[in-house]
Amino acid sequence: MNDILFGNNNQTVIKHLAKKSYRSNKRRNMIVIVALALTAFMITSVFSLGCSYFETFQMQQTRSMGTTADVAITNLTEAQIEELKRSDLVTAVGISQRLGSVDTADIGDTLLGISWIDEIEWEQHRVPTISDVYGNYPQAENEVMLPVWALNEMGISKPQIGMNITLSYQLGNNYQYITDEFQLSGYYTDYTVSRVGNRGSVYVSKIFAEQSGLTFSDITSGMLSFSGNDDVERSCEKLKDKITFTEGQTFEIVPSIQSNSASIIVAIAFFITVIIISGYLLIYNILYISISKDTRFYGQLKIIGATKRQIKKLVRWQVFRTSVIGIPVGLLVGVLVSLIIVPFAMNMMYSGNSTLGVKVSFSPIIFIGAAIFTLLTAVIGSMKPAKIAGSISPIAASQYNAVSVKNMKKRKAHRLRLSRMALSNIFRNPKSAVLTFTSLFLGLMLFLIASGLLSSLSAENFVSQWGESDFAVTYSIQEEENLITDEMLKEIEAIDGIENMRVTYSASPQTTIPVIYNQDVFGKYIDSLNGVSGLNFSDAETLKNYTDNFFGSVYGIDTEYVKEVNSSLETPIDLNAFENGDVVLLSAMTDEDGNPLIQPGQSITVIGETGKHTFTVASGFLDADFQSGRGNERGTAPDLYISQQALKMLSPEVKIFRIAFDTINSKNDERILSELQTITASSGIDIQSRYERGKEIESYLFTSRVLAMGLSSVLLLIGIMNFINTMFVSVNTRKHEFATLESIGMTKRQLRQVLLFEGGYYWIISFLLLATLGTGIYLPLYAAFRQVASYAAFNYPIIPLVIAAFIILAICLAVPILTFRMDIKASVTERLQQS
């Protein structure tokens, strides 16, 4: 407004001056353009990778769970369902009824239930977790819908809509099987097999469910999705305050991804924040130093009538000009990364769960957001320098000289001590120095965090917590034949380079044995199963059927396993009592408070072929996943681990169920795996090895390291660019000062030494900040990271930091000297005559 009142509103002249000033600062413009491009590229890449990781993680979690619902409530009545539908806490109520099960004795270890679900449950909770849906949900009484994997197990590799399928099934608690012919109304790809094995449902129509004759509340579960931001447990408590539920009704919460998604969001936010701060520091420092350099130029503009507002507009115009070039370049590189590198990274990171699918996020919102964030970074970074430029007075500008007389006198008093002069030069412009140190520190800190956390993860650390041996050969407990023969055992024993071989036996032909149910012993164990997989023990008849049919798998294990358990016990297990068949070991089973479901010292009685035998529960427990990998097959009672001698007392016939061993040298693992594959070249035998698991995790860790180190290296590059720009401008603006020092007797060699000291100080102070403040930030971050990745082993990345330190030291020493040689070419007299 003032510009107009005083007749000074010549926009054309201002624009012309801005263009001339822009062209005269090519080096500065190039650095700003690169800074903006890097900022846009980094934001785009982090958002694209982070969103892809989050969406893939979310999709895989949802697919593996088989439902998008938050909780399942068992034994719902029709009245309760109506109340739930009216509740403002609930956004969707799906109905699921488990009617019975299919006889799958002829199709391996497959377990299929017969279920009906209503339209809400199908459309809102189940369809989002499956893919490749063909046909429709059953409508007629004789129609069924099955997952593709179940059809394959039945020998149907090319399903057709309308084809006939014969099923033998039972309903409710009636174990009389009925054989009927059904028509296939639809099929789909189901992903829950990755989590629960060959377990699934045959979906039937509402008409079939109604004609089953089963009581509604006995077979009905409600699948609920909650509204609001409360966690599921809190929402369940609120629901219990509004609706009356019986003690027999259980709330089975679907494992939530909230905690994992929160950590992912925090990680993305952290990276984006550091990127924006780094970009801001670079842009701000470049413009701040540039304006300090052009002080006289802005003062002269004031003298000829330019207003504060016009000068600020001139600075902003230059920033927008560089933004128009830098931001699109960064976005273009970001697009290429999103199209090429991100899909590759996602496939590598999720190679172990490839069957669940991978989702790459390529949303325009990411690029629009990156452009806005980068532009805001540039605008905010230019606000203070523009204000400074507009506030320069003509008198101060005309008297401005980069040389401080006070400092010159100090230097003479200290006999031109070069190191002190260099330190004084660094902090002559405190703001610029602080910004440069901050930018370098942020880059180094992120480098430390990325390299430190990722180097704490190793395939060795991961596999050391997986399984109890380096290699194991086993098969499904449903298999009646003895797949691992005595000849195989001898061949495996003869493999060169193995040790600690342990053989586990099971009863033959069946591995299971009847267990006498005792409420005092198994009561808490039974309570822990209530509501799981459709079990409803509030019904007395269901509970009686379950406990009357109580059996568990029994294994004869090597005494070495017991010795390992003893190593962590104050009161060890009596090895003689174990060998004699008086003691039984269980895998760890605990309640929510960590207390054992079955107490040590209690008695468990089984019925073997030679009669009853009673064992005392050992004082220690095996790992919860002891001898995992044999599938999800379980008896109604816990698995029992006894001595091999005791197993032979229970069952005259035994078979080798598992062979486990360690390798003397991990370098031989590949050869040993190849020999094992040759020895066990028959169907049904499964080889489990830490070697293969290590290879799987190695590809994931390699990709993670490359991505994280790439991102942190780019941020470190921003800090280095800030230093380079600071030194370039510092040397350039001190031409007159250097000439003055030379005129009073200082040599060029001494000037170069001063600049070397300055570069060295930047390096020393930056790494001192990293060693103190950076380490102080890294340690709590590692502690938090350890909670997520329990197999992480603390590592301070000395070697990567030493390599980075040498590279940065070389840059810190080379840049000042190169700049000095480029800019200080004229004679002393000529430089003294320059204003």
# chains A, B, ... in the order shown; residues from 1 in each chain; ligands from 1
call {"tool": "select_by_dssp", "arguments": {"residues": "range 37-162 of chain A", "states": "strand (DSSP E)", "output": "PyMOL selection string"}}
result
chain A and resi 71-74+90-102+111-117+131-135+143-147
call {"tool": "residues_around", "arguments": {"residues": "Glu83 in chain A", "least_positions_apart": "6", "cutoff": "12 Å", "atoms": "only C-alpha atoms", "output": "list in words"}}
result
Leu76, Thr77, Leu89, Val90, Val93, Gly222, Leu239, Lys240, Lys242, Ile243, Thr244 and Phe245 of chain A
call {"tool": "atom_distance", "arguments": {"atom1": "CA of Lys524 in chain A", "atom2": "CA of Ile598 in chain A"}}
result
7.2 Å
call {"tool": "closest_residue", "arguments": {"among": "A:Thr438, A:Gln644, A:Ser338, A:Thr39", "to": "Thr377 in chain A", "atoms": "only C-alpha atoms"}}
result
A:Thr39
call {"tool": "closest_residue", "arguments": {"among": "A:Gly611, A:Arg749, A:Gly172, A:Tyr134", "to": "Gly186 in chain A", "atoms": "only C-alpha atoms"}}
result
A:Tyr134
call {"tool": "select_by_dssp", "arguments": {"residues": "range 529-717 of chain A", "states": "helix (DSSP H, G or I)", "output": "PyMOL selection string"}}
result
chain A and resi 529+532-534+540-548+559-566+575-579+644-650+666-679+690-717
call {"tool": "residues_around", "arguments": {"residues": "Phe578 in chain A", "least_positions_apart": "5", "cutoff": "10 Å", "atoms": "only C-alpha atoms", "output": "PDB file with N, CA and C atoms, in the first residue's frame"}}
result
ATOM      1  N   THR A 559      17.385 -87.159  26.526  1.00  0.00           N
ATOM      2  CA  THR A 559      17.630 -86.591  27.863  1.00  0.00           C
ATOM      3  C   THR A 559      18.384 -85.262  27.782  1.00  0.00           C
ATOM      4  N   VAL A 562      16.312 -82.293  28.502  1.00  0.00           N
ATOM      5  CA  VAL A 562      16.030 -82.083  29.921  1.00  0.00           C
ATOM      6  C   VAL A 562      17.211 -81.369  30.582  1.00  0.00           C
ATOM      7  N   ILE A 573      15.416 -80.872  37.355  1.00  0.00           N
ATOM      8  CA  ILE A 573      14.609 -82.081  37.200  1.00  0.00           C
ATOM      9  C   ILE A 573      15.498 -83.301  37.444  1.00  0.00           C
ATOM     10  N   VAL A 583       8.526 -88.869  35.283  1.00  0.00           N
ATOM     11  CA  VAL A 583       8.356 -87.423  35.070  1.00  0.00           C
ATOM     12  C   VAL A 583       7.939 -87.156  33.628  1.00  0.00           C
ATOM     13  N   VAL A 584       7.050 -86.186  33.441  1.00  0.00           N
ATOM     14  CA  VAL A 584       6.636 -85.738  32.112  1.00  0.00           C
ATOM     15  C   VAL A 584       6.931 -84.243  31.986  1.00  0.00           C
ATOM     16  N   LEU A 585       7.439 -83.830  30.825  1.00  0.00           N
ATOM     17  CA  LEU A 585       7.676 -82.406  30.551  1.00  0.00           C
ATOM     18  C   LEU A 585       6.573 -81.881  29.640  1.00  0.00           C
ATOM     19  N   PHE A 615       2.336 -89.879  35.549  1.00  0.00           N
ATOM     20  CA  PHE A 615       3.569 -89.091  35.517  1.00  0.00           C
ATOM     21  C   PHE A 615       3.414 -87.865  36.425  1.00  0.00           C
ATOM     22  N   THR A 616       4.524 -87.393  36.937  1.00  0.00           N
ATOM     23  CA  THR A 616       4.551 -86.141  37.697  1.00  0.00           C
ATOM     24  C   THR A 616       5.059 -85.033  36.779  1.00  0.00           C
ATOM     25  N   ALA A 618       7.017 -82.046  35.506  1.00  0.00           N
ATOM     26  CA  ALA A 618       8.365 -81.598  35.864  1.00  0.00           C
ATOM     27  C   ALA A 618       8.354 -80.167  36.391  1.00  0.00           C
ATOM     28  N   TYR A 641       5.850 -84.919  26.841  1.00  0.00           N
ATOM     29  CA  TYR A 641       7.224 -85.276  26.487  1.00  0.00           C
ATOM     30  C   TYR A 641       7.813 -86.117  27.614  1.00  0.00           C
ATOM     31  N   ILE A 642       8.081 -87.376  27.292  1.00  0.00           N
ATOM     32  CA  ILE A 642       8.603 -88.315  28.294  1.00  0.00           C
ATOM     33  C   ILE A 642       9.896 -88.922  27.763  1.00  0.00           C
ATOM     34  N   SER A 643      10.505 -89.783  28.558  1.00  0.00           N
ATOM     35  CA  SER A 643      11.748 -90.406  28.106  1.00  0.00           C
ATOM     36  C   SER A 643      11.441 -91.477  27.058  1.00  0.00           C
ATOM     37  N   GLN A 644      12.439 -91.805  26.272  1.00  0.00           N
ATOM     38  CA  GLN A 644      12.254 -92.827  25.241  1.00  0.00           C
ATOM     39  C   GLN A 644      11.953 -94.189  25.868  1.00  0.00           C
ATOM     40  N   GLN A 645      12.544 -94.450  27.030  1.00  0.00           N
ATOM     41  CA  GLN A 645      12.277 -95.710  27.739  1.00  0.00           C
ATOM     42  C   GLN A 645      10.831 -95.764  28.204  1.00  0.00           C
ATOM     43  N   ALA A 646      10.305 -94.641  28.709  1.00  0.00           N
ATOM     44  CA  ALA A 646       8.922 -94.594  29.172  1.00  0.00           C
ATOM     45  C   ALA A 646       7.954 -94.764  28.015  1.00  0.00           C
TER      46      ALA A 646
END
call {"tool": "residues_around", "arguments": {"residues": "Ser221 in chain A", "least_positions_apart": "3", "cutoff": "12 Å", "atoms": "only C-alpha atoms", "output": "PDB file with N, CA, C and O atoms, in the first residue's frame"}}
result
ATOM      1  N   ALA A  69     -13.037 -57.768  11.155  1.00  0.00           N
ATOM      2  CA  ALA A  69     -13.753 -57.471  12.399  1.00  0.00           C
ATOM      3  C   ALA A  69     -12.759 -57.283  13.545  1.00  0.00           C
ATOM      4  O   ALA A  69     -11.625 -57.763  13.498  1.00  0.00           O
ATOM      5  N   VAL A  71     -13.672 -57.975  16.957  1.00  0.00           N
ATOM      6  CA  VAL A  71     -13.885 -58.949  18.019  1.00  0.00           C
ATOM      7  C   VAL A  71     -15.026 -59.893  17.641  1.00  0.00           C
ATOM      8  O   VAL A  71     -15.942 -59.517  16.896  1.00  0.00           O
ATOM      9  N   ALA A  72     -14.931 -61.130  18.136  1.00  0.00           N
ATOM     10  CA  ALA A  72     -16.008 -62.109  17.969  1.00  0.00           C
ATOM     11  C   ALA A  72     -16.616 -62.391  19.338  1.00  0.00           C
ATOM     12  O   ALA A  72     -15.880 -62.666  20.297  1.00  0.00           O
ATOM     13  N   ILE A  73     -17.925 -62.305  19.442  1.00  0.00           N
ATOM     14  CA  ILE A  73     -18.626 -62.594  20.699  1.00  0.00           C
ATOM     15  C   ILE A  73     -19.419 -63.872  20.499  1.00  0.00           C
ATOM     16  O   ILE A  73     -20.245 -63.973  19.586  1.00  0.00           O
ATOM     17  N   THR A  74     -19.177 -64.859  21.354  1.00  0.00           N
ATOM     18  CA  THR A  74     -19.797 -66.171  21.184  1.00  0.00           C
ATOM     19  C   THR A  74     -21.196 -66.218  21.790  1.00  0.00           C
ATOM     20  O   THR A  74     -21.544 -65.431  22.668  1.00  0.00           O
ATOM     21  N   ASN A  75     -21.988 -67.193  21.288  1.00  0.00           N
ATOM     22  CA  ASN A  75     -23.297 -67.539  21.844  1.00  0.00           C
ATOM     23  C   ASN A  75     -24.254 -66.356  21.957  1.00  0.00           C
ATOM     24  O   ASN A  75     -24.934 -66.169  22.967  1.00  0.00           O
ATOM     25  N   LEU A  76     -24.302 -65.545  20.913  1.00  0.00           N
ATOM     26  CA  LEU A  76     -25.194 -64.388  20.926  1.00  0.00           C
ATOM     27  C   LEU A  76     -26.645 -64.805  20.730  1.00  0.00           C
ATOM     28  O   LEU A  76     -26.952 -65.711  19.942  1.00  0.00           O
ATOM     29  N   THR A  77     -27.538 -64.130  21.428  1.00  0.00           N
ATOM     30  CA  THR A  77     -28.971 -64.322  21.208  1.00  0.00           C
ATOM     31  C   THR A  77     -29.442 -63.306  20.173  1.00  0.00           C
ATOM     32  O   THR A  77     -28.759 -62.324  19.895  1.00  0.00           O
ATOM     33  N   GLU A  78     -30.623 -63.544  19.634  1.00  0.00           N
ATOM     34  CA  GLU A  78     -31.176 -62.617  18.641  1.00  0.00           C
ATOM     35  C   GLU A  78     -31.410 -61.240  19.255  1.00  0.00           C
ATOM     36  O   GLU A  78     -31.215 -60.208  18.595  1.00  0.00           O
ATOM     37  N   GLN A  80     -29.671 -59.844  21.695  1.00  0.00           N
ATOM     38  CA  GLN A  80     -28.372 -59.181  21.839  1.00  0.00           C
ATOM     39  C   GLN A  80     -27.885 -58.623  20.500  1.00  0.00           C
ATOM     40  O   GLN A  80     -27.301 -57.535  20.447  1.00  0.00           O
ATOM     41  N   ILE A  81     -28.129 -59.355  19.442  1.00  0.00           N
ATOM     42  CA  ILE A  81     -27.713 -58.880  18.119  1.00  0.00           C
ATOM     43  C   ILE A  81     -28.431 -57.582  17.770  1.00  0.00           C
ATOM     44  O   ILE A  81     -27.821 -56.638  17.254  1.00  0.00           O
ATOM     45  N   VAL A  93     -22.170 -55.278  12.460  1.00  0.00           N
ATOM     46  CA  VAL A  93     -22.383 -56.520  13.203  1.00  0.00           C
ATOM     47  C   VAL A  93     -22.626 -57.629  12.196  1.00  0.00           C
ATOM     48  O   VAL A  93     -23.665 -57.661  11.533  1.00  0.00           O
ATOM     49  N   GLY A  94     -21.656 -58.515  12.056  1.00  0.00           N
ATOM     50  CA  GLY A  94     -21.828 -59.654  11.172  1.00  0.00           C
ATOM     51  C   GLY A  94     -22.177 -60.888  11.982  1.00  0.00           C
ATOM     52  O   GLY A  94     -21.748 -61.028  13.139  1.00  0.00           O
ATOM     53  N   ILE A  95     -22.946 -61.787  11.391  1.00  0.00           N
ATOM     54  CA  ILE A  95     -23.363 -63.014  12.078  1.00  0.00           C
ATOM     55  C   ILE A  95     -22.635 -64.195  11.461  1.00  0.00           C
ATOM     56  O   ILE A  95     -22.613 -64.362  10.240  1.00  0.00           O
ATOM     57  N   SER A  96     -22.019 -65.008  12.331  1.00  0.00           N
ATOM     58  CA  SER A  96     -21.322 -66.206  11.881  1.00  0.00           C
ATOM     59  C   SER A  96     -21.828 -67.393  12.687  1.00  0.00           C
ATOM     60  O   SER A  96     -21.860 -67.343  13.920  1.00  0.00           O
ATOM     61  N   GLN A  97     -22.227 -68.442  12.000  1.00  0.00           N
ATOM     62  CA  GLN A  97     -22.724 -69.646  12.672  1.00  0.00           C
ATOM     63  C   GLN A  97     -21.872 -70.848  12.264  1.00  0.00           C
ATOM     64  O   GLN A  97     -21.730 -71.130  11.077  1.00  0.00           O
ATOM     65  N   ARG A  98     -21.322 -71.503  13.271  1.00  0.00           N
ATOM     66  CA  ARG A  98     -20.581 -72.751  13.004  1.00  0.00           C
ATOM     67  C   ARG A  98     -21.546 -73.899  13.219  1.00  0.00           C
ATOM     68  O   ARG A  98     -21.973 -74.180  14.337  1.00  0.00           O
ATOM     69  N   LEU A  99     -21.881 -74.588  12.136  1.00  0.00           N
ATOM     70  CA  LEU A  99     -22.919 -75.608  12.166  1.00  0.00           C
ATOM     71  C   LEU A  99     -22.370 -77.002  12.432  1.00  0.00           C
ATOM     72  O   LEU A  99     -23.047 -77.836  13.030  1.00  0.00           O
ATOM     73  N   SER A 115     -20.054 -73.607   7.897  1.00  0.00           N
ATOM     74  CA  SER A 115     -20.426 -72.314   8.469  1.00  0.00           C
ATOM     75  C   SER A 115     -21.397 -71.571   7.562  1.00  0.00           C
ATOM     76  O   SER A 115     -21.377 -71.719   6.329  1.00  0.00           O
ATOM     77  N   TRP A 116     -22.258 -70.788   8.225  1.00  0.00           N
ATOM     78  CA  TRP A 116     -23.084 -69.813   7.493  1.00  0.00           C
ATOM     79  C   TRP A 116     -22.791 -68.431   8.046  1.00  0.00           C
ATOM     80  O   TRP A 116     -22.660 -68.260   9.267  1.00  0.00           O
ATOM     81  N   ILE A 117     -22.620 -67.457   7.170  1.00  0.00           N
ATOM     82  CA  ILE A 117     -22.433 -66.066   7.582  1.00  0.00           C
ATOM     83  C   ILE A 117     -23.412 -65.197   6.822  1.00  0.00           C
ATOM     84  O   ILE A 117     -23.785 -65.498   5.682  1.00  0.00           O
ATOM     85  N   ASP A 118     -23.863 -64.120   7.465  1.00  0.00           N
ATOM     86  CA  ASP A 118     -24.840 -63.254   6.804  1.00  0.00           C
ATOM     87  C   ASP A 118     -24.148 -62.313   5.815  1.00  0.00           C
ATOM     88  O   ASP A 118     -22.925 -62.290   5.673  1.00  0.00           O
ATOM     89  N   GLU A 121     -21.475 -59.841   7.242  1.00  0.00           N
ATOM     90  CA  GLU A 121     -20.215 -60.518   7.561  1.00  0.00           C
ATOM     91  C   GLU A 121     -19.433 -60.847   6.299  1.00  0.00           C
ATOM     92  O   GLU A 121     -18.215 -60.668   6.249  1.00  0.00           O
ATOM     93  N   PHE A 216     -30.173 -71.322  17.974  1.00  0.00           N
ATOM     94  CA  PHE A 216     -29.530 -70.115  17.456  1.00  0.00           C
ATOM     95  C   PHE A 216     -28.344 -69.676  18.321  1.00  0.00           C
ATOM     96  O   PHE A 216     -27.234 -69.469  17.825  1.00  0.00           O
ATOM     97  N   SER A 217     -28.545 -69.543  19.614  1.00  0.00           N
ATOM     98  CA  SER A 217     -27.508 -68.992  20.493  1.00  0.00           C
ATOM     99  C   SER A 217     -26.328 -69.946  20.668  1.00  0.00           C
ATOM    100  O   SER A 217     -25.215 -69.521  20.969  1.00  0.00           O
ATOM    101  N   ASP A 218     -26.555 -71.252  20.481  1.00  0.00           N
ATOM    102  CA  ASP A 218     -25.475 -72.222  20.662  1.00  0.00           C
ATOM    103  C   ASP A 218     -24.447 -72.162  19.543  1.00  0.00           C
ATOM    104  O   ASP A 218     -23.292 -72.555  19.730  1.00  0.00           O
ATOM    105  N   LEU A 224     -17.865 -58.115  15.275  1.00  0.00           N
ATOM    106  CA  LEU A 224     -18.114 -56.685  15.452  1.00  0.00           C
ATOM    107  C   LEU A 224     -16.939 -55.829  14.974  1.00  0.00           C
ATOM    108  O   LEU A 224     -15.774 -56.173  15.200  1.00  0.00           O
ATOM    109  N   GLN A 249     -20.375 -66.310  27.725  1.00  0.00           N
ATOM    110  CA  GLN A 249     -20.085 -65.645  26.451  1.00  0.00           C
ATOM    111  C   GLN A 249     -18.682 -65.043  26.497  1.00  0.00           C
ATOM    112  O   GLN A 249     -18.351 -64.293  27.414  1.00  0.00           O
ATOM    113  N   THR A 250     -17.896 -65.384  25.522  1.00  0.00           N
ATOM    114  CA  THR A 250     -16.508 -64.904  25.493  1.00  0.00           C
ATOM    115  C   THR A 250     -16.309 -63.860  24.396  1.00  0.00           C
ATOM    116  O   THR A 250     -17.018 -63.854  23.385  1.00  0.00           O
ATOM    117  N   PHE A 251     -15.336 -62.983  24.623  1.00  0.00           N
ATOM    118  CA  PHE A 251     -14.950 -61.966  23.650  1.00  0.00           C
ATOM    119  C   PHE A 251     -13.588 -62.363  23.083  1.00  0.00           C
ATOM    120  O   PHE A 251     -12.574 -62.289  23.781  1.00  0.00           O
ATOM    121  N   GLU A 252     -13.570 -62.827  21.847  1.00  0.00           N
ATOM    122  CA  GLU A 252     -12.320 -63.243  21.214  1.00  0.00           C
ATOM    123  C   GLU A 252     -11.839 -62.107  20.312  1.00  0.00           C
ATOM    124  O   GLU A 252     -12.343 -61.892  19.208  1.00  0.00           O
ATOM    125  N   GLY A 531     -13.885 -70.507  23.912  1.00  0.00           N
ATOM    126  CA  GLY A 531     -14.077 -69.424  22.954  1.00  0.00           C
ATOM    127  C   GLY A 531     -13.105 -69.448  21.802  1.00  0.00           C
ATOM    128  O   GLY A 531     -13.236 -68.669  20.854  1.00  0.00           O
ATOM    129  N   VAL A 532     -12.108 -70.330  21.850  1.00  0.00           N
ATOM    130  CA  VAL A 532     -11.117 -70.433  20.782  1.00  0.00           C
ATOM    131  C   VAL A 532     -11.598 -71.442  19.746  1.00  0.00           C
ATOM    132  O   VAL A 532     -12.043 -72.533  20.083  1.00  0.00           O
ATOM    133  N   SER A 533     -11.495 -71.049  18.474  1.00  0.00           N
ATOM    134  CA  SER A 533     -11.888 -71.936  17.356  1.00  0.00           C
ATOM    135  C   SER A 533     -13.307 -72.467  17.508  1.00  0.00           C
ATOM    136  O   SER A 533     -13.603 -73.622  17.193  1.00  0.00           O
ATOM    137  N   GLY A 534     -14.181 -71.622  18.014  1.00  0.00           N
ATOM    138  CA  GLY A 534     -15.589 -71.985  18.118  1.00  0.00           C
ATOM    139  C   GLY A 534     -15.946 -72.856  19.296  1.00  0.00           C
ATOM    140  O   GLY A 534     -17.106 -73.271  19.433  1.00  0.00           O
ATOM    141  N   LEU A 535     -14.987 -73.154  20.191  1.00  0.00           N
ATOM    142  CA  LEU A 535     -15.283 -73.978  21.370  1.00  0.00           C
ATOM    143  C   LEU A 535     -16.114 -73.170  22.367  1.00  0.00           C
ATOM    144  O   LEU A 535     -15.801 -72.022  22.665  1.00  0.00           O
ATOM    145  N   ASN A 536     -17.163 -73.798  22.895  1.00  0.00           N
ATOM    146  CA  ASN A 536     -18.033 -73.124  23.857  1.00  0.00           C
ATOM    147  C   ASN A 536     -18.263 -74.065  25.037  1.00  0.00           C
ATOM    148  O   ASN A 536     -19.127 -74.932  25.005  1.00  0.00           O
TER     149      ASN A 536
END
call {"tool": "atom_distance", "arguments": {"atom1": "CA of Val521 in chain A", "atom2": "CA of Leu597 in chain A"}}
result
8.5 Å
call {"tool": "atom_distance", "arguments": {"atom1": "CA of Gln602 in chain A", "atom2": "CA of Asp574 in chain A"}}
result
15.4 Å
call {"tool": "closest_residue", "arguments": {"among": "A:Arg690, A:Arg28, A:Arg705, A:Arg734", "to": "Val319 in chain A", "atoms": "only C-alpha atoms"}}
result
A:Arg28
call {"tool": "closest_residue", "arguments": {"among": "A:Ile31, A:Leu622, A:Ala140, A:Ile303", "to": "Phe723 in chain A", "atoms": "only C-alpha atoms"}}
result
A:Ile31
call {"tool": "closest_residue", "arguments": {"among": "A:Thr68, A:Ser451, A:Ser528, A:Ser48", "to": "Tyr778 in chain A", "atoms": "only C-alpha atoms"}}
result
A:Ser451
call {"tool": "closest_residue", "arguments": {"among": "A:Glu119, A:Gly523, A:Ile817, A:Ile604", "to": "Phe537 in chain A", "atoms": "only C-alpha atoms"}}
result
A:Gly523
call {"tool": "residues_around", "arguments": {"residues": "His613 in chain A", "least_positions_apart": "2", "cutoff": "10 Å", "atoms": "only C-alpha atoms", "output": "list in words"}}
result
Val515, Gly581, Asp582, Ile604, Thr605, Val606, Ile607, Gly608, Thr610, Gly611, Phe615, Ala646, Met649 and Leu650 of chain A
call {"tool": "residues_around", "arguments": {"residues": "Ile808 in chain A", "least_positions_apart": "6", "cutoff": "10 Å", "atoms": "only C-alpha atoms", "output": "list of chain:residue names"}}
result
A:Leu440, A:Leu716, A:Leu717, A:Ile720, A:Gly759, A:Gly760, A:Tyr762, A:Trp763, A:Val802, A:Ala814
call {"tool": "write_last_selection", "arguments": {"atoms": "N, CA and C atoms", "output": "compact mmCIF listing (two decimals), in the first residue's frame"}}
result
# COMPACT_ATOMS: atom_id res chain seq x y z
N LEU A 440 24.88 -30.97 9.62
CA LEU A 440 25.82 -32.09 9.61
C LEU A 440 25.48 -33.11 10.70
N LEU A 716 22.73 -37.20 4.94
CA LEU A 716 24.10 -36.81 5.26
C LEU A 716 24.67 -35.94 4.15
N LEU A 717 24.30 -36.25 2.92
CA LEU A 717 24.74 -35.44 1.78
C LEU A 717 24.22 -34.01 1.89
N ILE A 720 26.46 -32.28 4.23
CA ILE A 720 27.75 -32.00 3.59
C ILE A 720 27.61 -30.83 2.61
N GLY A 759 38.08 -26.28 8.38
CA GLY A 759 37.46 -27.53 7.97
C GLY A 759 37.61 -28.60 9.03
N GLY A 760 38.79 -28.66 9.66
CA GLY A 760 39.01 -29.64 10.73
C GLY A 760 38.12 -29.40 11.92
N TYR A 762 35.13 -27.99 11.88
CA TYR A 762 33.78 -28.43 11.51
C TYR A 762 33.65 -29.94 11.70
N TRP A 763 34.69 -30.65 11.29
CA TRP A 763 34.67 -32.12 11.41
C TRP A 763 34.69 -32.56 12.87
N VAL A 802 33.56 -44.93 11.13
CA VAL A 802 34.96 -44.61 10.81
C VAL A 802 35.10 -44.32 9.32
N ALA A 814 39.34 -30.68 1.97
CA ALA A 814 39.54 -30.38 0.56
C ALA A 814 38.74 -29.16 0.09
call {"tool": "decode", "arguments": {"residues": "range 660-681 of chain A", "atoms": "C-alpha atoms", "output": "CSV table (one decimal), in the first residue's frame"}}
result
chain,number,residue,atom,x,y,z
A,660,ALA,CA,17.5,-82.9,15.1
A,661,PHE,CA,21.2,-81.9,15.2
A,662,ASP,CA,23.6,-79.0,15.1
A,663,THR,CA,26.4,-78.3,12.6
A,664,ILE,CA,30.1,-77.9,13.7
A,665,ASN,CA,30.8,-75.2,11.2
A,666,SER,CA,28.0,-73.1,9.6
A,667,LYS,CA,30.0,-73.0,6.4
A,668,ASN,CA,29.0,-76.6,5.8
A,669,ASP,CA,25.3,-75.9,6.2
A,670,GLU,CA,24.6,-75.7,2.4
A,671,ARG,CA,26.3,-79.0,1.8
A,672,ILE,CA,24.6,-80.7,4.7
A,673,LEU,CA,21.2,-79.5,3.5
A,674,SER,CA,21.9,-80.9,0.1
A,675,GLU,CA,22.8,-84.3,1.6
A,676,LEU,CA,19.7,-84.3,3.8
A,677,GLN,CA,17.5,-83.6,0.8
A,678,THR,CA,19.1,-86.6,-1.0
A,679,ILE,CA,18.6,-88.9,2.0
A,680,THR,CA,14.9,-87.8,2.6
A,681,ALA,CA,13.9,-87.7,-1.0
